[in-house]
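*Asks:* Just entry.tsv, nothing more (TSV, C-alpha atoms):
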```tsv
chain	number	residue	atom	x	y	z
A	1	MET	CA	9.34	-1.96	-1.65
A	2	CYS	CA	9.33	-4.24	-4.68
A	3	SER	CA	11.78	-5.24	-7.35
A	4	LEU	CA	12.28	-7.86	-10.00
A	5	ASN	CA	14.78	-9.60	-7.77
A	6	THR	CA	16.47	-8.99	-4.45
A	7	THR	CA	19.84	-7.85	-5.80
A	8	ILE	CA	20.46	-6.20	-9.17
A	9	ARG	CA	17.38	-5.65	-11.30
A	10	PRO	CA	17.80	-6.66	-14.96
A	11	ARG	CA	17.32	-4.25	-17.83
A	12	ARG	CA	13.74	-4.19	-19.03
A	13	PRO	CA	13.97	-5.87	-22.46
A	14	ALA	CA	15.45	-9.02	-20.94
A	15	GLY	CA	12.55	-9.30	-18.52
A	16	ARG	CA	9.72	-8.69	-21.00
A	17	SER	CA	7.14	-11.35	-21.61
A	18	LEU	CA	6.32	-12.51	-25.14
A	19	ALA	CA	3.09	-10.54	-24.87
A	20	ALA	CA	5.00	-7.37	-24.00
A	21	VAL	CA	7.38	-7.90	-26.94
A	22	ALA	CA	4.37	-8.33	-29.20
A	23	VAL	CA	2.90	-5.08	-27.93
A	24	VAL	CA	6.17	-3.26	-28.59
A	25	ALA	CA	6.34	-4.72	-32.11
A	26	LEU	CA	2.75	-3.73	-32.78
A	27	SER	CA	3.26	-0.23	-31.42
A	28	ALA	CA	6.18	0.29	-33.79
A	29	ALA	CA	3.79	-0.21	-36.71
A	30	LEU	CA	1.19	2.21	-35.35
A	31	PRO	CA	1.17	6.00	-35.77
A	32	ALA	CA	3.21	7.84	-33.13
A	33	ALA	CA	0.14	9.60	-31.79
A	34	LEU	CA	-3.38	8.25	-31.62
A	35	PRO	CA	-6.32	10.58	-32.15
A	36	ALA	CA	-7.81	11.93	-28.94
A	37	THR	CA	-10.95	9.83	-29.38
A	38	ALA	CA	-8.87	6.66	-29.73
A	39	ARG	CA	-6.83	7.52	-26.65
A	40	ALA	CA	-10.01	8.17	-24.67
A	41	ALA	CA	-11.47	4.85	-25.81
A	42	THR	CA	-8.28	3.03	-24.79
A	43	ALA	CA	-8.31	4.65	-21.36
A	44	THR	CA	-11.98	3.77	-20.90
A	45	ALA	CA	-11.30	0.13	-21.84
A	46	GLU	CA	-8.38	-0.07	-19.39
A	47	ALA	CA	-10.49	1.38	-16.58
A	48	ALA	CA	-13.31	-1.07	-17.29
A	49	SER	CA	-10.89	-4.00	-17.08
A	50	CYS	CA	-9.81	-2.97	-13.57
A	51	ALA	CA	-12.71	-4.06	-11.38
A	52	VAL	CA	-14.01	-6.87	-9.19
A	53	LEU	CA	-14.15	-9.62	-11.83
A	54	ALA	CA	-15.49	-12.53	-9.76
A	55	PRO	CA	-18.01	-13.06	-6.94
A	56	GLY	CA	-17.35	-14.21	-3.40
A	57	ALA	CA	-15.01	-11.56	-1.99
A	58	SER	CA	-15.76	-9.65	1.20
A	59	ALA	CA	-16.98	-6.07	1.06
A	60	THR	CA	-13.59	-4.98	2.42
A	61	ALA	CA	-11.68	-6.85	-0.29
A	62	GLU	CA	-13.91	-5.43	-3.00
A	63	ALA	CA	-13.34	-1.92	-1.60
A	64	ALA	CA	-9.57	-2.56	-1.71
A	65	VAL	CA	-9.83	-3.56	-5.38
A	66	ARG	CA	-11.77	-0.39	-6.19
A	67	ALA	CA	-9.19	1.73	-4.35
A	68	ALA	CA	-6.31	0.14	-6.26
A	69	CYS	CA	-8.14	0.47	-9.58
A	70	GLY	CA	-8.72	4.13	-8.79
A	71	GLN	CA	-4.95	4.59	-9.16
A	72	LEU	CA	-4.81	3.05	-12.64
A	73	GLY	CA	-2.34	5.03	-14.77
A	74	VAL	CA	-0.49	6.54	-11.80
A	75	TRP	CA	3.31	6.22	-11.96
A	76	TYR	CA	5.20	3.31	-10.49
A	77	SER	CA	7.79	4.99	-8.23
A	78	TRP	CA	10.38	3.07	-6.19
A	79	GLY	CA	9.58	3.76	-2.53
A	80	GLY	CA	6.32	5.50	-3.46
A	81	GLY	CA	3.40	5.06	-1.09
A	82	HIS	CA	5.54	4.69	2.03
A	83	GLY	CA	4.95	8.07	3.63
A	84	ALA	CA	3.66	8.66	7.15
A	85	THR	CA	0.16	7.92	5.90
A	86	PRO	CA	-0.94	5.73	2.97
A	87	GLY	CA	-1.05	7.50	-0.38
A	88	PRO	CA	1.11	8.39	-3.38
A	89	THR	CA	4.52	9.96	-2.71
A	90	PHE	CA	7.61	10.75	-4.73
A	91	GLY	CA	10.02	7.85	-4.92
A	92	TYR	CA	13.78	7.68	-5.28
A	93	TYR	CA	16.51	5.94	-7.27
A	94	ASP	CA	16.75	2.27	-6.32
A	95	GLY	CA	20.53	2.24	-6.75
A	96	SER	CA	20.76	-0.14	-9.71
A	97	ASP	CA	18.07	0.26	-12.37
A	98	PRO	CA	18.55	3.12	-14.88
A	99	ASP	CA	14.77	3.27	-15.35
A	100	SER	CA	14.54	4.29	-11.67
A	101	LEU	CA	16.71	7.40	-12.03
A	102	HIS	CA	13.64	9.63	-12.43
A	103	ASP	CA	11.53	8.09	-9.67
A	104	GLY	CA	12.25	11.14	-7.51
A	105	GLU	CA	10.19	13.13	-10.01
A	106	ARG	CA	7.33	10.60	-10.18
A	107	LYS	CA	4.56	10.72	-7.59
A	108	GLY	CA	3.04	7.30	-7.22
A	109	PHE	CA	3.42	3.87	-5.65
A	110	ASP	CA	5.68	0.88	-5.64
A	111	CYS	CA	3.99	-2.52	-5.40
A	112	SER	CA	3.68	-2.66	-1.61
A	113	GLY	CA	2.78	1.04	-1.40
A	114	LEU	CA	-0.23	0.34	-3.64
A	115	ALA	CA	-1.33	-2.67	-1.56
A	116	ARG	CA	-0.94	-0.62	1.62
A	117	TYR	CA	-3.03	2.22	0.18
A	118	ALA	CA	-5.77	-0.08	-1.14
A	119	TYR	CA	-6.43	-1.74	2.21
A	120	ALA	CA	-6.07	1.49	4.17
A	121	GLN	CA	-8.78	3.01	1.98
A	122	ALA	CA	-10.93	-0.08	2.44
A	123	THR	CA	-10.60	-0.37	6.22
A	124	GLY	CA	-9.58	3.05	7.51
A	125	ARG	CA	-6.59	1.34	9.16
A	126	ASP	CA	-2.97	1.16	8.10
A	127	LEU	CA	-2.87	-2.65	8.12
A	128	LEU	CA	-0.09	-3.22	5.58
A	129	ASN	CA	2.54	-0.58	6.32
A	130	GLY	CA	5.77	-2.22	5.14
A	131	THR	CA	7.50	-3.95	2.26
A	132	ALA	CA	6.09	-6.75	0.12
A	133	ASN	CA	8.00	-9.18	2.34
A	134	ASP	CA	6.37	-7.66	5.44
A	135	GLN	CA	2.94	-7.92	3.82
A	136	PHE	CA	3.47	-11.57	2.92
A	137	HIS	CA	4.10	-12.29	6.62
A	138	THR	CA	1.33	-9.98	7.89
A	139	SER	CA	-0.48	-10.89	11.08
A	140	HIS	CA	-3.71	-9.74	9.38
A	141	ALA	CA	-3.98	-12.85	7.19
A	142	ALA	CA	-7.38	-14.60	7.18
A	143	ALA	CA	-6.11	-17.33	4.82
A	144	ARG	CA	-2.94	-18.31	2.96
A	145	PHE	CA	-2.57	-20.14	-0.35
A	146	THR	CA	0.50	-21.91	-1.69
A	147	ALA	CA	1.95	-21.40	-5.16
A	148	GLY	CA	0.91	-24.93	-6.08
A	149	GLN	CA	-2.76	-24.07	-5.57
A	150	GLY	CA	-2.64	-21.53	-8.40
A	151	THR	CA	-5.53	-19.11	-8.73
A	152	ALA	CA	-8.36	-21.65	-8.17
A	153	PRO	CA	-9.01	-20.70	-4.52
A	154	LEU	CA	-8.37	-16.96	-4.95
A	155	LEU	CA	-10.97	-14.22	-4.62
A	156	PRO	CA	-10.78	-10.56	-5.66
A	157	GLY	CA	-8.67	-8.55	-3.26
A	158	ASP	CA	-6.33	-11.43	-2.36
A	159	LEU	CA	-2.67	-10.39	-2.42
A	160	MET	CA	-0.41	-12.36	-4.76
A	161	PHE	CA	3.34	-12.50	-4.00
A	162	TRP	CA	6.57	-13.30	-5.80
A	163	GLY	CA	10.00	-14.15	-4.39
A	164	SER	CA	12.13	-17.11	-3.46
A	165	GLY	CA	13.14	-16.86	0.19
A	166	HIS	CA	12.58	-13.08	0.24
A	167	ILE	CA	9.38	-11.62	-1.22
A	168	HIS	CA	10.00	-8.80	-3.69
A	169	HIS	CA	6.64	-8.16	-5.40
A	170	VAL	CA	2.92	-8.03	-4.59
A	171	ALA	CA	-0.25	-7.48	-6.67
A	172	LEU	CA	-4.01	-7.51	-6.00
A	173	TYR	CA	-6.03	-10.28	-7.63
A	174	LEU	CA	-9.12	-9.07	-9.53
A	175	GLY	CA	-10.61	-12.41	-10.56
A	176	ALA	CA	-10.86	-13.99	-14.02
A	177	GLY	CA	-7.12	-14.48	-14.15
A	178	GLN	CA	-6.36	-10.73	-13.90
A	179	MET	CA	-4.54	-8.60	-11.33
A	180	VAL	CA	-3.73	-4.94	-10.73
A	181	GLU	CA	-0.15	-4.03	-9.88
A	182	ALA	CA	2.52	-1.36	-9.65
A	183	TYR	CA	5.06	-3.29	-11.72
A	184	GLU	CA	8.38	-1.48	-12.19
A	185	SER	CA	10.07	1.88	-12.77
A	186	GLY	CA	9.10	3.57	-16.01
A	187	THR	CA	5.60	2.07	-16.06
A	188	HIS	CA	2.21	3.02	-14.67
A	189	ILE	CA	-0.18	1.10	-12.43
A	190	ARG	CA	-1.81	-1.43	-14.71
A	191	VAL	CA	-4.01	-4.50	-15.12
A	192	ALA	CA	-2.13	-7.63	-16.19
A	193	PRO	CA	-2.74	-11.36	-16.52
A	194	VAL	CA	-1.72	-13.24	-13.38
A	195	ARG	CA	1.73	-14.84	-13.37
A	196	THR	CA	1.87	-18.09	-11.41
A	197	GLY	CA	5.14	-19.38	-12.83
A	198	GLY	CA	8.72	-18.48	-11.99
A	199	ASP	CA	9.12	-17.44	-8.36
A	200	TYR	CA	5.41	-17.01	-7.60
A	201	ALA	CA	5.19	-17.65	-3.85
A	202	GLY	CA	1.47	-17.83	-3.15
A	203	ALA	CA	-1.27	-15.52	-1.91
A	204	VAL	CA	-2.71	-14.03	1.27
A	205	ARG	CA	-6.30	-13.10	2.03
A	206	VAL	CA	-6.33	-10.05	4.28
A	207	ASP	CA	-8.54	-9.99	7.36
A	208	GLY	CA	-9.97	-6.51	7.19
A	209	SER	CA	-12.63	-7.02	9.83
A	210	GLY	CA	-13.22	-4.54	12.60
A	211	SER	CA	-14.84	-1.13	12.66
A	212	VAL	CA	-13.12	1.91	11.25
A	213	PRO	CA	-11.87	4.09	14.15
A	214	PRO	CA	-13.82	7.34	14.43
A	215	PRO	CA	-11.97	10.64	14.12
A	216	PRO	CA	-10.96	12.33	17.39
A	217	ALA	CA	-13.88	14.16	18.97
A	218	ASN	CA	-11.65	16.57	20.88
A	219	GLY	CA	-9.88	18.40	18.08
A	220	GLY	CA	-6.82	16.16	18.13
A	221	THR	CA	-5.14	14.59	15.12
A	222	THR	CA	-4.87	10.82	14.71
A	223	PHE	CA	-1.41	9.28	14.20
A	224	GLU	CA	-0.17	5.70	14.11
A	225	THR	CA	2.42	4.46	16.60
A	226	TRP	CA	4.99	1.76	15.88
A	227	GLY	CA	7.04	-0.60	18.04
A	228	THR	CA	6.00	-2.87	20.92
A	229	ARG	CA	5.41	-2.11	24.60
A	230	VAL	CA	5.44	1.63	23.96
A	231	ARG	CA	4.61	3.67	27.06
A	232	THR	CA	3.00	7.04	27.62
A	233	HIS	CA	3.94	9.13	30.65
A	234	SER	CA	2.36	11.68	32.96
A	235	SER	CA	4.89	14.32	31.81
A	236	PRO	CA	7.33	14.50	28.87
A	237	SER	CA	10.05	12.37	30.47
A	238	VAL	CA	10.83	8.66	30.40
A	239	ASN	CA	11.19	8.80	34.19
A	240	ALA	CA	7.67	10.14	34.73
A	241	ALA	CA	4.86	7.81	35.84
A	242	VAL	CA	3.61	5.41	33.16
A	243	VAL	CA	0.03	6.17	32.08
A	244	ASP	CA	-0.54	3.57	29.36
A	245	THR	CA	1.28	0.78	27.49
A	246	PHE	CA	0.68	-0.18	23.84
A	247	PRO	CA	1.62	-3.85	23.22
A	248	GLY	CA	1.83	-3.17	19.47
A	249	PRO	CA	1.12	-0.43	16.90
A	250	SER	CA	-1.92	1.63	17.80
A	251	GLN	CA	-3.68	4.90	17.05
A	252	VAL	CA	-3.27	7.96	19.27
A	253	SER	CA	-4.91	11.38	19.20
A	254	VAL	CA	-2.27	14.12	19.41
A	255	MET	CA	-3.27	17.54	20.78
A	256	CYS	CA	0.08	19.39	20.67
A	257	GLN	CA	3.85	18.83	20.85
A	258	GLN	CA	6.83	20.48	22.50
A	259	HIS	CA	10.58	20.18	23.06
A	260	ALA	CA	11.38	18.47	26.36
A	261	GLU	CA	13.60	15.59	27.49
A	262	THR	CA	15.93	14.19	24.79
A	263	VAL	CA	15.31	10.49	24.18
A	264	THR	CA	17.43	7.96	22.29
A	265	ALA	CA	15.66	4.76	21.27
A	266	GLU	CA	15.50	2.37	18.31
A	267	GLY	CA	18.45	4.17	16.70
A	268	TYR	CA	16.76	7.59	16.81
A	269	THR	CA	17.32	10.65	19.02
A	270	ASN	CA	14.60	13.27	19.47
A	271	ASP	CA	13.61	15.82	22.13
A	272	ILE	CA	10.04	16.36	20.89
A	273	TRP	CA	7.13	14.89	22.83
A	274	SER	CA	3.42	14.80	21.93
A	275	LYS	CA	0.60	15.45	24.37
A	276	LEU	CA	-2.26	13.01	23.79
A	277	SER	CA	-6.00	13.54	24.28
A	278	ASP	CA	-5.91	11.80	27.69
A	279	GLY	CA	-3.25	14.24	28.93
A	280	SER	CA	-0.39	11.75	28.76
A	281	TRP	CA	2.86	12.28	26.84
A	282	LEU	CA	4.60	10.15	24.20
A	283	THR	CA	8.02	10.69	22.67
A	284	ASN	CA	7.68	11.38	18.94
A	285	ILE	CA	10.19	8.63	18.26
A	286	TYR	CA	7.34	6.11	18.44
A	287	ILE	CA	4.90	8.10	16.29
A	288	LYS	CA	5.02	7.49	12.54
A	289	GLY	CA	6.14	10.66	10.79
A	290	PRO	CA	8.98	13.18	10.91
A	291	ALA	CA	10.65	14.26	14.15
A	292	SER	CA	8.25	17.20	14.40
A	293	LEU	CA	4.71	16.15	13.47
A	294	PRO	CA	3.21	18.24	10.62
A	295	GLY	CA	0.21	20.40	11.45
A	296	ILE	CA	0.49	19.89	15.23
A	297	PRO	CA	0.72	23.09	17.32
A	298	ASP	CA	3.27	23.78	20.02
A	299	CYS	CA	2.06	23.09	23.55
A	300	GLY	CA	3.65	26.29	24.81
A	301	GLY	CA	6.65	24.53	26.30
A	302	SER	CA	10.31	25.27	25.71
A	303	PRO	CA	11.13	27.02	22.40
A	304	THR	CA	12.81	25.28	19.52
A	305	PRO	CA	16.56	25.14	20.21
A	306	PRO	CA	18.69	27.31	17.91
A	307	PRO	CA	20.51	25.61	15.02
A	308	SER	CA	24.02	24.42	15.78
A	309	GLY	CA	27.27	24.95	13.88
A	310	GLY	CA	26.30	28.30	12.38
A	311	SER	CA	23.44	26.73	10.42
A	312	LYS	CA	20.11	28.32	9.55
A	313	PRO	CA	16.69	26.64	9.94
A	314	PHE	CA	14.45	26.24	6.88
A	315	GLN	CA	11.14	24.53	6.27
A	316	THR	CA	10.87	21.71	3.73
A	317	TRP	CA	7.77	20.98	1.69
A	318	GLY	CA	6.42	17.92	-0.12
A	319	THR	CA	6.14	14.30	1.00
A	320	GLY	CA	8.63	11.47	0.78
A	321	VAL	CA	11.59	13.89	0.58
A	322	ARG	CA	15.05	12.33	0.95
A	323	THR	CA	18.51	13.56	1.83
A	324	HIS	CA	21.61	12.00	0.27
A	325	ALA	CA	25.22	11.24	1.11
A	326	SER	CA	26.36	13.64	-1.64
A	327	ALA	CA	24.70	16.26	-3.83
A	328	ALA	CA	23.12	13.83	-6.31
A	329	VAL	CA	19.82	11.95	-6.45
A	330	GLY	CA	21.73	8.76	-7.20
A	331	ALA	CA	23.76	9.00	-3.98
A	332	ALA	CA	22.90	6.87	-0.96
A	333	VAL	CA	19.79	7.96	0.96
A	334	VAL	CA	20.64	9.30	4.43
A	335	ASP	CA	17.24	10.37	5.75
A	336	TYR	CA	13.59	10.35	4.70
A	337	PHE	CA	10.96	12.98	5.53
A	338	PRO	CA	7.40	11.65	4.99
A	339	GLN	CA	5.99	15.13	5.64
A	340	PRO	CA	7.23	18.76	5.78
A	341	THR	CA	9.75	19.35	8.54
A	342	THR	CA	12.52	21.76	9.65
A	343	VAL	CA	16.12	21.28	8.52
A	344	ASN	CA	19.25	23.15	9.57
A	345	VAL	CA	21.31	24.25	6.56
A	346	VAL	CA	25.08	24.78	6.92
A	347	CYS	CA	25.96	25.82	3.36
A	348	GLN	CA	24.88	25.35	-0.25
A	349	ALA	CA	26.59	24.52	-3.55
A	350	HIS	CA	25.87	24.17	-7.25
A	351	ALA	CA	25.90	20.46	-8.15
A	352	GLN	CA	23.64	18.01	-10.00
A	353	THR	CA	20.70	19.61	-11.82
A	354	VAL	CA	17.39	18.20	-10.59
A	355	THR	CA	13.92	18.49	-12.11
A	356	ALA	CA	11.01	17.75	-9.76
A	357	GLU	CA	7.54	19.10	-8.98
A	358	GLY	CA	7.76	21.35	-12.08
A	359	TYR	CA	10.99	23.03	-10.91
A	360	THR	CA	14.59	22.71	-12.15
A	361	ASN	CA	17.51	23.68	-9.90
A	362	ASP	CA	21.18	22.75	-9.47
A	363	ALA	CA	21.49	24.17	-5.94
A	364	TRP	CA	21.92	21.71	-3.06
A	365	SER	CA	22.08	22.40	0.69
A	366	ARG	CA	24.33	20.58	3.14
A	367	LEU	CA	22.60	19.92	6.46
A	368	THR	CA	24.10	19.68	9.94
A	369	ASP	CA	24.27	15.88	9.75
A	370	GLY	CA	26.45	16.13	6.62
A	371	SER	CA	23.70	15.00	4.23
A	372	TRP	CA	22.56	16.92	1.15
A	373	MET	CA	19.12	18.01	-0.05
A	374	THR	CA	18.14	19.63	-3.34
A	375	ASN	CA	16.94	23.19	-2.74
A	376	ILE	CA	13.78	22.39	-4.70
A	377	TYR	CA	12.27	20.92	-1.52
A	378	ILE	CA	13.33	23.79	0.75
A	379	LYS	CA	10.94	26.73	1.02
A	380	GLY	CA	12.54	29.86	-0.38
A	381	PRO	CA	14.24	31.03	-3.56
A	382	GLU	CA	16.45	28.76	-5.65
A	383	TRP	CA	19.57	30.05	-3.84
A	384	LEU	CA	18.81	30.35	-0.11
A	385	PRO	CA	19.40	33.82	1.36
A	386	GLY	CA	22.04	34.22	4.05
A	387	VAL	CA	23.48	30.74	3.52
A	388	PRO	CA	27.18	30.62	2.54
A	389	THR	CA	28.61	28.64	-0.38
A	390	CYS	CA	30.13	25.32	0.65
```
Will you turn the file into structure tokens for me?

*Replies:*
Amino acid sequence: MCSLNTTIRPRRPAGRSLAAVAVVALSAALPAALPATARAATATAEAASCAVLAPGASATAEAAVRAACGQLGVWYSWGGGHGATPGPTFGYYDGSDPDSLHDGERKGFDCSGLARYAYAQATGRDLLNGTANDQFHTSHAAARFTAGQGTAPLLPGDLMFWGSGHIHHVALYLGAGQMVEAYESGTHIRVAPVRTGGDYAGAVRVDGSGSVPPPPANGGTTFETWGTRVRTHSSPSVNAAVVDTFPGPSQVSVMCQQHAETVTAEGYTNDIWSKLSDGSWLTNIYIKGPASLPGIPDCGGSPTPPPSGGSKPFQTWGTGVRTHASAAVGAAVVDYFPQPTTVNVVCQAHAQTVTAEGYTNDAWSRLTDGSWMTNIYIKGPEWLPGVPTC
């Protein structure tokens, strides 16, 4: 994630640069709508300014720049880009900034989501999955540069960071004193002059070496694992013989999944296991994604257990979908579904009106864990059939 600071984000006018104020003043004197030809020319000029603007960068870094520039004009969205796989997702309210209230309706990236996507596109590997602070401390650094060094040693594709003690923002250097960034809620991905004052913390050159892993040759689907010393087993049980051990995050080829032994680990509980291409089994807890992996068939094991507490199962849709502590998008986030999954609905109620994905609805569903989800992201009509009113 990224923010203007690590606590409460200031209102936008107070944080504008003199250049931004000048732009606002100029825009007030211009017609409200530019002719289509003028708009097209402006867009073309912006696209041309987002490119590799200096020599010397690696092919990987240049590819990362091109990937980031390919998202020019996409919405900044708080939490965007942090789905199970790199790419734009809908964000959510950051809890303090009024400009973030509509991030749940904006599909895009926050600052670290854009950096993650750029290098995933360039390398075929999810090297930078995490916050800006995580990326600043990445183990994939080929070189590091202090704030005092400025931009003199930087090459296109280097990641620039801001934060004092805790890193809160990241951008990709383009060269020639320019960078591309997902800046803040209410704006779009843009090119901007580099900022090396204030709490600029330095830069990191990413080591993107290594060959891109080939797709599975056996019909499986590739997923990323997380955690350290993760073990696969000869059957879907933690007591079964250990087949393999992954010292750190790795890629696995998943053939199918099924309900089996319930496992509690790392604060999660799940009874779904995945069968890998080598015949071993891995609890889904250690596979990035929802509890039940999207698009993966059932192995023919035990059937899905029935919903508890009189609830009814429904399928969600969309990516980056969140549940909340109450029936409002501004309420605390309880859970996050990077991909479509199954939820058990207890009851539904009319509450806050939400507009997202081209739909408007005031119906919310309460799930078995007590959290709430707007019915927009539940497959079915606006008011779910057979579900009682809360």

*Asks:* If you measure from atom CA of Leu174 of chain A to atom CA of Arg125 of chain A, what distance in Å do you get, rounded to one decimal?

*Replies:*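 These atoms are spaced 21.5 Å apart.
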
*Asks:* Need to verify the contact set: segment 101-112 of chain A, 7 Å, all atoms listed in the file, exclusion of same-chain residues closer than 6 positions in sequence. Can you return it as a ChimeraX atom specification?

*Replies:* /A:1-2,74-81,88-93,131-132,169-171,181-183,355-357

*Asks:* Store the residues picked out above in a file with C-alpha atoms, as a CSV table (one decimal), in the coordinates of the input.

*Replies:*
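Result file again.csv:
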```csv
chain,number,residue,atom,x,y,z
A,1,MET,CA,9.3,-2.0,-1.6
A,2,CYS,CA,9.3,-4.2,-4.7
A,74,VAL,CA,-0.5,6.5,-11.8
A,75,TRP,CA,3.3,6.2,-12.0
A,76,TYR,CA,5.2,3.3,-10.5
A,77,SER,CA,7.8,5.0,-8.2
A,78,TRP,CA,10.4,3.1,-6.2
A,79,GLY,CA,9.6,3.8,-2.5
A,80,GLY,CA,6.3,5.5,-3.5
A,81,GLY,CA,3.4,5.1,-1.1
A,88,PRO,CA,1.1,8.4,-3.4
A,89,THR,CA,4.5,10.0,-2.7
A,90,PHE,CA,7.6,10.8,-4.7
A,91,GLY,CA,10.0,7.8,-4.9
A,92,TYR,CA,13.8,7.7,-5.3
A,93,TYR,CA,16.5,5.9,-7.3
A,131,THR,CA,7.5,-4.0,2.3
A,132,ALA,CA,6.1,-6.8,0.1
A,169,HIS,CA,6.6,-8.2,-5.4
A,170,VAL,CA,2.9,-8.0,-4.6
A,171,ALA,CA,-0.2,-7.5,-6.7
A,181,GLU,CA,-0.2,-4.0,-9.9
A,182,ALA,CA,2.5,-1.4,-9.6
A,183,TYR,CA,5.1,-3.3,-11.7
A,355,THR,CA,13.9,18.5,-12.1
A,356,ALA,CA,11.0,17.8,-9.8
A,357,GLU,CA,7.5,19.1,-9.0
```

*Asks:* May I ask which of the residues A:Trp364, A:His137, A:His166, A:Asp369 is the closest one to Glu382 of chain A, counting only C-alpha atoms?

*Replies:* A:Trp364

*Asks:* Env of Ala68 of chain A: 10 Å cut, atoms = only C-alpha atoms, seq-sep filter 6 positions within chain, self excluded. Answer as a PyMOL selection string.

*Replies:* chain A and resi 50-51+62+114-119+121-122+157+171-172+180-182+189-190

*Asks:* Which value, in Å to one decimal, gives the distance between atom CA of Leu154 of chain A and atom CA of Gly208 of chain A?

*Replies:* 16.1 Å

*Asks:* Pick out the closest residue to His350 of chain A from this set: A:Gly124, A:Pro153, A:Pro313, A:Pro388. Count all atoms listed in the file.

*Replies:*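 For His350 of chain A, the nearest of the given residues is A:Pro388.
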
*Asks:* Let me make sure I understand: among A:Thr342, A:Gln178, A:Ser49, A:Ser185, which one has the smallest atom-to-atom distance to Asp97 of chain A if we use all atoms listed in the file?

*Replies:*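 Smallest distance to Asp97 of chain A is found for A:Ser185.
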
*Asks:* Provide the atom CA of Thr341 of chain A to atom CA of Ser371 of chain A distance in Å, to one decimal place.

*Replies:* 15.2 Å

*Asks:* May I ask which of the residues A:Val204, A:Val252, A:Val329, A:Leu282 is the closest one to His233 of chain A, counting all atoms listed in the file?

*Replies:*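 Distance minimum relative to His233 of chain A lands on A:Leu282.
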
*Asks:* Report the centre and edge lengths, in Å to one decimal, of an axis-aligned box enclosing every atom of segment 342-355 of chain A listed in the file, padded by 5 Å on each side, as AutoDock Vina command-line options.

*Replies:*
```
--center_x 19.6 --center_y 21.9 --center_z -1.2 --size_x 24.1 --size_y 17.8 --size_z 31.8
```

*Asks:* Could you give me, as a ChimeraX atom specification, the residues within 8 Å of Tyr286 of chain A, counting all atoms listed in the file and dropping anything in the same chain fewer than 5 positions from it?

*Replies:* /A:225-227,230

*Asks:* Write out the residues from the selection above, keeping C-alpha atoms, as a PDB file, in the frame of the given file.

*Replies:*
```
ATOM      1  CA  THR A 225       2.420   4.460  16.600  1.00  0.00           C
ATOM      2  CA  TRP A 226       4.990   1.760  15.880  1.00  0.00           C
ATOM      3  CA  GLY A 227       7.040  -0.600  18.040  1.00  0.00           C
ATOM      4  CA  VAL A 230       5.440   1.630  23.960  1.00  0.00           C
TER       5      VAL A 230
END
```

*Asks:* Can you tell me, as a VMD selection string, which residues sit within 6 Å of (9.5, 21.9, -1.9) in the file's frame, using all atoms listed in the file?

*Replies:* chain A and resid 316 to 318 376 to 379

*Asks:* Excluding Gly150 of chain A and residues on its chain fewer than 4 positions from it, collect all residues at most 10 Å away from it, counting only C-alpha atoms, and give them as a PDB file with C-alpha atoms, keeping the file's coordinate frame.

*Replies:*
```pdb
ATOM      1  CA  PHE A 145      -2.570 -20.140  -0.350  1.00  0.00           C
ATOM      2  CA  THR A 146       0.500 -21.910  -1.690  1.00  0.00           C
ATOM      3  CA  LEU A 154      -8.370 -16.960  -4.950  1.00  0.00           C
ATOM      4  CA  VAL A 194      -1.720 -13.240 -13.380  1.00  0.00           C
ATOM      5  CA  ARG A 195       1.730 -14.840 -13.370  1.00  0.00           C
ATOM      6  CA  THR A 196       1.870 -18.090 -11.410  1.00  0.00           C
ATOM      7  CA  GLY A 197       5.140 -19.380 -12.830  1.00  0.00           C
ATOM      8  CA  TYR A 200       5.410 -17.010  -7.600  1.00  0.00           C
ATOM      9  CA  ALA A 201       5.190 -17.650  -3.850  1.00  0.00           C
ATOM     10  CA  GLY A 202       1.470 -17.830  -3.150  1.00  0.00           C
ATOM     11  CA  ALA A 203      -1.270 -15.520  -1.910  1.00  0.00           C
TER      12      ALA A 203
END
```

*Asks:* For each of A:Gln251, A:Gln149, A:Gly279, A:Ser234, take the minimum atom-to-atom distance to Leu127 of chain A, counting only C-alpha atoms, then give the residue where this is smallest.

*Replies:*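 Smallest separation from Leu127 of chain A among the options: A:Gln251.
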
*Asks:* Extract, using only C-alpha atoms, all DNA, RNA and protein residues at most 12 Å from Pro381 of chain A, discarding same-chain residues fewer than 6 positions from it, and format them as a ChimeraX atom specification.

*Replies:* /A:314,359-361,363,375,387

*Asks:* Give the answer as one residue: which of A:His188, A:His259, A:His82, A:Arg366 has the shortest atom-to-atom distance to Cys299 of chain A, using only C-alpha atoms?

*Replies:*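 Comparing A:His188, A:His259, A:His82, A:Arg366 against Cys299 of chain A, the winner is A:His259.
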
*Asks:* Select all residues near (-1.8, -0.5, 23.5) (cut-off 9 Å, inclusive, file coordinates), counting all atoms listed in the file, and output them as a list in words.

*Replies:*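 Nearby residues: Thr228, Arg229, Val230, Arg231, Asp244, Thr245, Phe246, Pro247, Gly248, Pro249, Ser250 and Gln251 of chain A.
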
*Asks:* Write the selection just made, keeping C-alpha atoms, as a compact mmCIF listing (two decimals), in the coordinates of the input?

*Replies:*
```txt
# COMPACT_ATOMS: atom_id res chain seq x y z
CA THR A 228 6.00 -2.87 20.92
CA ARG A 229 5.41 -2.11 24.60
CA VAL A 230 5.44 1.63 23.96
CA ARG A 231 4.61 3.67 27.06
CA ASP A 244 -0.54 3.57 29.36
CA THR A 245 1.28 0.78 27.49
CA PHE A 246 0.68 -0.18 23.84
CA PRO A 247 1.62 -3.85 23.22
CA GLY A 248 1.83 -3.17 19.47
CA PRO A 249 1.12 -0.43 16.90
CA SER A 250 -1.92 1.63 17.80
CA GLN A 251 -3.68 4.90 17.05
```
